[in-house]
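Chemist: For reference, the structure I am asking about is given below.
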Amino acid sequence: MMLTKLFLHHHRRHISTTATTTTTTVLSKLPSSSSKYKKLDLTQAQHVLTDYLHATRCLPYPYADQIAKNSSLSLSNLISNHLHSASSSSFTFRTLDKFLRYHPINEFEFFFESIGISYAKLHSLLPHNKFFFSEDASLLDAAVVLSEFGFPWEKLGLMYLESGGCVFRRSVVELKGRLCWFKRFGFCNDQVIGICLAFPFVFGGGGGEEEEREDRFHGLLDDLKLVLLDYDLAGSAEGNAGSWYEVCRKIRVFYDLNGGKGKIGELIRLNKDVILGFGEEELVRTVKYFCRFGVKKEEVALLILRGPELLNLNLETPVVNVLKLLKHFRLSSEDLGDVRRDYAHVLGTIKMANLPNVMRALGLHEWFFNKLKDGNHHLLVRYMTTYPNEDQDKDYRCGLETIRVSRTPTHNMNKLNFLHSKGFGENALTMNILHDLHGNSCELQERFDCLLNSGIELSKVCKMITLRPRILSQNPKSLQEKIDFIRQEMGNSVELLCTFPAFLCHDLEKRIKPRYRFHMWIKEKGLSEKNYSLASMIATSNKNFVVRVCKMHPAAPKHWFEQFYPSKLPV
């Protein structure tokens, strides 16, 4: 009961903050100079609009009032665009009333805003060449049925948007029948409202084939019956549709992770504190964090439901030591040795926010996640309790101070944060790599993505950058052309770059193509028995390369200069 009361307080506070922000925006558009008069003007304008919709347009008063009270931006725009020259003391009662007699408004615009749809989205939803409910009564009729059932008027937009308007295209009879059908399963009105707002597809519509939608629907119902009806949750939230909506929203977090397949209700039922004890934002934030380990979403759902203690952790700011954490998770001595030898760029300290990146840079992300999922989530909880914050490397701190006093501290910090986001630790090596990177963080990201999209694993891309940081100073077009050359002309895998990343730093037209094609000619002609590695072909200096060519065969130098460097032929 206490958890639910705290939750409801948070929910009401959020609504109040949102309403205050909207009201401030609306008042700024009104002509009055005093905020006191502006509030009075808005209230009076809403009364005029209500009277217009009820008396002139013949809408039932309760719904005319709902539309007028919940469409403040549309109303303020009407006033500021057409009535701005009117005096603040008289524009609401006289000018607005007179204006509406001769200039009917687009009722659908006011309606859509009133049911909670963002003003920015309104115009894409307006019916073509229709302005009055009398031209298309289905929208208002559906809203009336739902409102009479108990749905909050200002939340109906949630259902409209997610169902693609399907809910509002159903007839009054169909809507009433569907709502009553839910109640036959044992759900009370408030629970039905919460379910429909959180899962609008229960009315039909949405993506997928009919059979697939039915499977989703029945799987969801089975889960909801387990969670909402088969244990005494109703006793703590009965009579409040808002709290049921929030409960269903949190259930949906896990439902979506499970691919809408259902069969997760039993786990939720056994771990109801996850639903009652934490807010939706906390759940979503934790879910997103563990999804960054590159694992299946349904596994993330299982982890959080089986290890709710993880929701209490600060997964952003604490500083942890990578090697110490790996030891704590019982990584073998041999593997720890490999990390020390081959992955110096990830060592030192990291912020918890970067832990998924570091584990992916190590290629240990699946191992680490499986450790957590297999009942060892307490290892992470215990580690963060025992070592809440680690001291950063001295050389790294000196590097931070150098950045702070540099001419472009923000630019350099953005580049450093880019490296951390890819799994580089807080160490001196990361600082050295930073000095060799040219471009802003967005450009670096674009180049990094080019390598990643070529099929090279993230951990290998990071090692390539460690070996040759300047590959991230090449423009994406140049990188892609060199990758295409390896694949198409050389017929090799891009994995070749993992051992020779410097390939990407050489000029494609002036260095790579001439030398590679020359060596292919030598091979075809049988002029040399030796097979040269790609690094030996490309990285050798021009002077040493010509010396090698001269030793291969008497005909080799002539072919080299004639075919590739005719301007340098001896006179």
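By order of appearance in the structure tokens: chains A, B, ..., then residues from 1 within every chain, and ligands from 1 in the order shown.
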What's around segment 503-510 of chain A at 8 Å? Count only C-alpha atoms, leave out sequence neighbours fewer than 2 positions away in its own chain, and write the answer as a list in words.

Modeler: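 Once the nearby chain positions are removed, what remains is Arg470, Ile471, Gln474, Leu479, Glu481, Lys482, Leu497, Phe500, Pro501, Ile512, Lys513, Pro514, Ala535, Ile538 and Ala539 of chain A.
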
Chemist: Filtering to C-alpha atoms, could you give me those residues as a short mmCIF file (atom, residue, chain, number, x, y, z; two decimals), in the first residue's frame?

Modeler:
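So again_20.cif came out as:
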```
data_model
loop_
_atom_site.label_atom_id
_atom_site.label_comp_id
_atom_site.auth_asym_id
_atom_site.auth_seq_id
_atom_site.Cartn_x
_atom_site.Cartn_y
_atom_site.Cartn_z
CA ARG A 470 45.14 7.73 -37.44
CA ILE A 471 42.79 5.38 -39.27
CA GLN A 474 40.56 9.25 -42.72
CA LEU A 479 37.86 4.28 -45.83
CA GLU A 481 36.94 2.79 -51.07
CA LYS A 482 39.88 0.97 -49.47
CA LEU A 497 42.87 -5.08 -41.66
CA PHE A 500 47.56 -4.43 -40.84
CA PRO A 501 45.35 -1.42 -39.98
CA ILE A 512 47.92 0.76 -52.78
CA LYS A 513 46.63 0.08 -56.29
CA PRO A 514 49.97 0.46 -58.15
CA ALA A 535 52.16 -5.05 -45.27
CA ILE A 538 52.26 -1.40 -49.12
CA ALA A 539 54.26 -0.20 -46.12
#
```

Chemist: Please identify all polymer residues within 8 Å of Leu257 of chain A, counting only C-alpha atoms, omitting same-chain residues fewer than 5 positions from it, and present them as a list in words.

Modeler: Lys297, Glu298, Val300 and Ala301 of chain A

Chemist: With distances taken over only C-alpha atoms, which residue among A:Ala55, A:Ile79, A:Ile465, A:Leu179 lies nearest Asp436 of chain A?

Modeler: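 The shortest atom-to-atom distance to Asp436 of chain A comes from A:Ile465.
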
Chemist: Which one is closest to Asn321 of chain A: A:Phe293, A:Tyr61, A:Tyr383, A:Tyr119? Count only C-alpha atoms.

Modeler: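 Using only C-alpha atoms, Asn321 of chain A sits closest to A:Tyr383.
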
Chemist: Let me make sure I understand: among A:Leu458, A:Ala142, A:Asn271, A:Ile195, which one has the smallest atom-to-atom distance to Arg169 of chain A if we use only C-alpha atoms?

Modeler: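 Smallest distance to Arg169 of chain A is found for A:Ala142.
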